[in-house]
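Just structure.txt here, compact mmCIF, C-alpha atoms:
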```
# COMPACT_ATOMS: atom_id res chain seq x y z
CA MET A 771 62.86 -0.16 20.66
CA PHE A 772 63.28 -3.86 20.05
CA GLY A 773 61.49 -4.59 23.29
CA GLY A 774 58.58 -2.37 22.26
CA LEU A 775 58.28 -4.22 18.97
CA LEU A 776 58.16 -7.54 20.80
CA ALA A 777 55.45 -6.20 23.10
CA PHE A 778 53.42 -4.98 20.11
CA LEU A 779 53.74 -8.34 18.38
CA GLY A 780 52.71 -10.08 21.56
CA ILE A 781 49.59 -7.94 21.89
CA TYR A 782 48.79 -8.39 18.17
CA GLY A 783 49.27 -12.13 18.46
CA ALA A 784 47.04 -12.35 21.50
CA SER A 785 44.39 -10.23 19.77
CA ALA A 786 44.52 -12.38 16.62
CA ALA A 787 44.26 -15.53 18.71
CA LYS A 788 41.20 -14.17 20.52
CA ALA A 789 39.60 -13.14 17.23
CA ALA A 790 40.23 -16.60 15.82
CA LYS A 791 38.68 -18.20 18.91
CA ASP A 792 35.68 -15.87 18.74
CA ASN A 793 35.23 -16.70 15.05
CA TYR A 794 35.41 -20.42 15.84
CA ASP A 795 32.87 -20.13 18.65
CA MET A 796 30.51 -18.02 16.52
CA LYS A 797 30.79 -20.42 13.59
CA LYS A 798 30.04 -23.38 15.84
CA THR A 799 27.04 -21.63 17.41
CA THR A 800 25.46 -20.33 14.19
CA ARG A 801 26.26 -23.22 11.83
CA THR A 802 23.27 -24.58 9.91
CA VAL A 803 22.84 -26.67 6.77
CA ASP A 804 20.04 -25.82 4.32
CA GLU A 805 17.96 -28.23 2.23
CA ASN A 806 20.51 -28.03 -0.60
CA GLY A 807 23.43 -29.02 1.63
CA ASN A 808 24.93 -25.52 1.85
CA VAL A 809 26.66 -24.73 5.15
CA HIS A 810 25.68 -21.37 6.67
CA TYR A 811 27.37 -19.58 9.57
CA MET A 812 28.43 -16.14 10.82
CA ASP A 813 31.75 -14.80 12.07
CA ARG A 814 32.29 -12.77 15.24
CA LEU A 815 31.35 -9.57 13.36
CA CYS A 816 28.06 -11.16 12.24
CA ASN A 817 29.14 -11.40 8.60
CA ASP A 818 27.29 -14.21 6.80
CA TYR A 819 29.11 -17.10 5.13
CA ILE A 820 27.95 -19.93 2.90
CA ASN A 821 30.30 -22.86 2.26
CA GLY A 822 33.19 -20.78 3.60
CA GLU A 823 32.57 -17.75 1.39
CA GLN A 824 31.38 -14.43 2.77
CA VAL A 825 28.06 -13.43 1.22
CA LYS A 826 26.02 -10.26 0.93
CA ARG A 827 22.38 -9.47 0.25
CA VAL A 828 21.56 -7.76 -3.05
CA GLU A 829 18.20 -6.14 -3.76
CA THR A 830 16.76 -6.20 -7.30
CA THR A 831 13.31 -6.09 -8.88
CA ASP A 832 11.66 -8.62 -11.16
CA ARG A 833 9.92 -7.80 -14.46
CA ASN A 834 6.75 -6.98 -12.53
CA GLY A 835 8.51 -4.42 -10.35
CA VAL A 836 8.40 -6.63 -7.24
CA LYS A 837 11.48 -6.56 -5.01
CA LEU A 838 13.73 -9.62 -4.97
CA TYR A 839 16.53 -10.36 -2.52
CA SER A 840 19.51 -12.46 -3.55
CA THR A 841 22.31 -13.92 -1.44
CA VAL A 842 25.50 -13.44 -3.46
CA GLY A 843 29.11 -14.51 -2.84
CA VAL A 844 31.38 -11.52 -2.20
CA ASN A 845 34.31 -12.99 -4.16
CA SER A 846 32.68 -15.38 -6.61
CA SER A 847 29.47 -13.38 -7.30
CA LYS A 848 27.68 -16.74 -7.13
CA VAL A 849 23.95 -16.39 -6.44
CA TYR A 850 23.10 -18.85 -3.69
CA ASP A 851 19.39 -18.06 -3.49
CA THR A 852 16.79 -15.51 -4.52
CA SER A 853 13.49 -14.81 -2.81
CA TYR A 854 10.79 -12.21 -2.51
CA GLY A 855 10.63 -9.86 0.47
CA ARG A 856 8.97 -10.90 3.72
CA GLY A 857 5.67 -9.16 2.91
CA THR A 858 5.38 -10.88 -0.45
CA GLN A 859 6.36 -14.23 1.04
CA GLN A 860 3.56 -13.83 3.58
CA LEU A 861 1.08 -13.19 0.76
CA PHE A 862 2.28 -16.37 -0.97
CA ALA A 863 1.85 -18.28 2.30
CA MET A 864 -1.70 -16.97 2.70
CA SER A 865 -2.45 -17.99 -0.88
CA GLU A 866 -1.17 -21.49 -0.26
CA HIS A 867 -3.29 -21.75 2.90
CA ASP A 868 -6.40 -20.74 0.95
CA LYS A 869 -5.53 -23.27 -1.74
CA GLN A 870 -5.19 -26.14 0.71
CA GLU A 871 -8.40 -25.20 2.54
CA ASN A 872 -10.41 -25.07 -0.70
CA LEU A 873 -9.02 -28.42 -1.77
CA LYS A 874 -10.47 -29.89 1.42
CA TYR A 875 -13.91 -28.75 0.22
CA GLY A 876 -13.33 -30.35 -3.18
CA LYS A 877 -13.04 -26.99 -4.94
CA ASN A 878 -10.80 -26.13 -7.89
CA VAL A 879 -10.23 -22.42 -7.20
CA TYR A 880 -8.37 -20.23 -4.72
CA SER A 881 -7.23 -16.67 -4.10
CA GLN A 882 -3.63 -16.42 -5.27
CA TYR A 883 -1.32 -13.45 -4.83
CA ASN A 884 0.05 -12.78 -8.32
CA PRO A 885 3.08 -10.41 -8.58
CA TYR A 886 2.18 -9.61 -12.18
CA PHE A 887 -1.08 -7.99 -11.12
CA GLY A 888 0.26 -6.88 -7.75
CA LYS A 889 -2.80 -8.29 -6.03
CA THR A 890 -4.70 -11.45 -5.16
CA VAL A 891 -6.69 -12.90 -8.05
CA THR A 892 -9.02 -15.84 -8.61
CA THR A 893 -6.93 -18.78 -9.82
CA GLU A 894 -7.81 -22.27 -11.04
CA ILE A 895 -5.94 -24.83 -8.94
CA SER A 896 -5.64 -27.53 -11.60
CA SER A 897 -4.15 -25.26 -14.28
CA GLY A 898 -2.73 -22.34 -12.28
CA ARG A 899 -4.47 -19.94 -14.69
CA THR A 900 -6.09 -16.66 -13.66
CA ILE A 901 -9.87 -16.73 -14.11
CA THR A 902 -11.30 -13.48 -15.46
CA CYS A 903 -14.96 -14.50 -15.65
CA LEU A 904 -17.43 -17.20 -14.64
CA PHE A 905 -20.80 -16.97 -16.39
CA SER A 906 -23.85 -19.19 -16.30
CA GLY A 907 -27.37 -18.82 -17.68
CA LYS A 908 -29.92 -20.18 -20.14
CA ASN A 909 -30.10 -19.72 -23.89
CA GLN A 910 -33.60 -18.40 -24.71
CA LYS A 911 -33.65 -19.97 -28.14
CA THR A 912 -32.58 -23.47 -27.18
CA GLY A 913 -33.70 -23.48 -23.54
CA LYS A 914 -30.34 -25.01 -22.69
CA GLU A 915 -28.40 -23.94 -19.60
CA PHE A 916 -24.76 -23.03 -20.11
CA TYR A 917 -21.71 -22.75 -17.87
CA ARG A 918 -18.56 -21.02 -19.10
CA VAL A 919 -15.16 -19.89 -17.87
CA TRP A 920 -12.79 -17.25 -19.24
CA TYR A 921 -9.06 -17.16 -18.48
CA PHE A 922 -6.62 -14.25 -18.54
CA ARG A 923 -4.80 -14.13 -21.87
CA PRO A 924 -1.33 -12.60 -21.40
CA GLU A 925 -0.68 -12.40 -25.13
CA CYS A 926 -3.36 -9.73 -25.54
CA GLN A 927 -4.15 -8.44 -22.04
CA GLY A 928 -2.38 -6.28 -19.48
CA LYS A 929 -1.99 -5.94 -15.73
CA LEU A 930 -5.38 -4.31 -15.24
CA ASP A 931 -7.29 -7.07 -17.04
CA TYR A 932 -7.40 -9.67 -14.26
CA ASN A 933 -11.23 -9.49 -14.36
CA THR A 934 -11.78 -8.47 -18.00
CA THR A 935 -12.55 -10.73 -20.94
CA VAL A 936 -11.27 -10.19 -24.47
CA ASP A 937 -13.76 -8.88 -27.04
CA GLY A 938 -15.20 -11.72 -29.10
CA ASP A 939 -13.96 -14.41 -26.69
CA MET A 940 -16.82 -16.84 -26.09
CA GLY A 941 -15.06 -18.53 -23.19
CA ILE A 942 -14.81 -22.25 -22.59
CA GLU A 943 -17.87 -24.41 -22.02
CA ILE A 944 -17.71 -26.47 -18.82
CA THR A 945 -20.11 -28.67 -16.88
CA LYS A 946 -22.29 -27.49 -14.01
CA GLU A 947 -20.15 -29.55 -11.62
CA GLU A 948 -16.95 -27.96 -12.92
CA PHE A 949 -18.55 -24.52 -12.66
CA ASN A 950 -19.55 -25.08 -9.02
CA LYS A 951 -16.02 -26.13 -8.16
CA LEU A 952 -14.80 -22.78 -9.49
CA ASN A 953 -17.63 -20.55 -8.26
CA PHE A 954 -16.49 -20.50 -4.64
CA GLY A 955 -14.92 -18.10 -2.15
CA ALA A 956 -13.96 -14.44 -2.51
CA LEU A 957 -13.85 -14.18 -6.29
CA THR A 958 -12.14 -11.33 -8.15
CA CYS A 959 -13.42 -12.53 -11.52
CA THR A 960 -16.62 -11.10 -13.00
CA CYS A 961 -19.89 -12.97 -13.38
CA MET A 962 -20.49 -11.70 -16.92
CA PRO A 963 -18.20 -11.22 -19.97
CA SER A 964 -17.01 -7.68 -20.70
CA ASP A 965 -18.20 -7.96 -24.31
CA TYR A 966 -22.01 -7.64 -24.28
CA ASP A 967 -22.23 -9.06 -27.79
CA VAL A 968 -20.89 -12.28 -26.31
CA VAL A 969 -23.40 -12.05 -23.46
CA HIS A 970 -26.38 -11.68 -25.81
CA ALA A 971 -25.06 -14.42 -28.09
CA LEU A 972 -24.95 -16.84 -25.16
CA TRP A 973 -28.38 -15.75 -23.97
CA GLY A 974 -29.71 -16.19 -27.50
CA ASP A 975 -31.74 -12.98 -27.36
CA ARG A 976 -30.43 -11.52 -30.60
```
Can you turn what I pasted into structure tokens?
Amino acid sequence: MFGGLLAFLGIYGASAAKAAKDNYDMKKTTRTVDENGNVHYMDRLCNDYINGEQVKRVETTDRNGVKLYSTVGVNSSKVYDTSYGRGTQQLFAMSEHDKQENLKYGKNVYSQYNPYFGKTVTTEISSGRTITCLFSGKNQKTGKEFYRVWYFRPECQGKLDYNTTVDGDMGIEITKEEFNKLNFGALTCTCMPSDYDVVHALWGDR
């Protein structure tokens, strides 16, 4: 009986030693350091570790209903990072590409994926604001040309209003040059305010 126990302990010891070696080899092979100085690696069972703590992936949703994925410490519950899913990240990457390309042309607008709307919307580069309308024309009474921009107003608009102006909102007067820098690409904004009283007031036909 004593001999059997010794044999068992020998096998257990050898198995533990092999597991330790496998963990060491796996850690050495998979070790990386991120931009924040955190050390990442996996053990022989492909469990993820950050700074020596085993971590897990937790799925949540943000206030817009978009899925978020967080890397959380198993013991400490520390959140090491949070990001959108791969599909959403790709949409952000495409938005950034469009932004950089339009900047090369001297434009001030791009198509940005916005999780709040759940779609790509026309966005002003300099301010980061969603543009709901770009409108130009001539006032019949004064004979003066006008160029105006309307922005999404979150305090009084909802998710479906990415291309709708608020009643009574006359927009913001801009120059022709500023207008041309915004009136470019695949626009989701409208070319006329939603409130026709505003339209006629700007045209000066009433």
Query raised in the report: Within 6 Å of (-10.3, -10.3, -18.7), all atoms listed in the file: residues as a list in words?
Result: Thr902, Phe922, Asp931, Tyr932, Asn933, Thr934, Thr935 and Val936 of chain A
Query raised in the report: Just how far from CA of Glu805 in chain A is CA of Leu861 in chain A, in Å to one decimal?
Result: 22.7 Å
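Distances from A:Cys959, A:Val844, A:Ile944, A:Val836 to Tyr819 in chain A were compared using all atoms listed in the file, and the smallest one belongs to A:Val844.
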Requested in this report: Between A:Ala790, A:Ile901, A:Ala863, A:Leu838, single out the one closest to Ile942 in chain A, counting only C-alpha atoms.
Outcome: A:Ile901
Report task. For Asn872 in chain A, work out the shell of residues within 12 Å, counting all atoms listed in the file and skipping chain neighbours fewer than 4 positions away, then give it as number ranges by chain. Result -> A: 865-868, 876-882, 893-895, 951-956
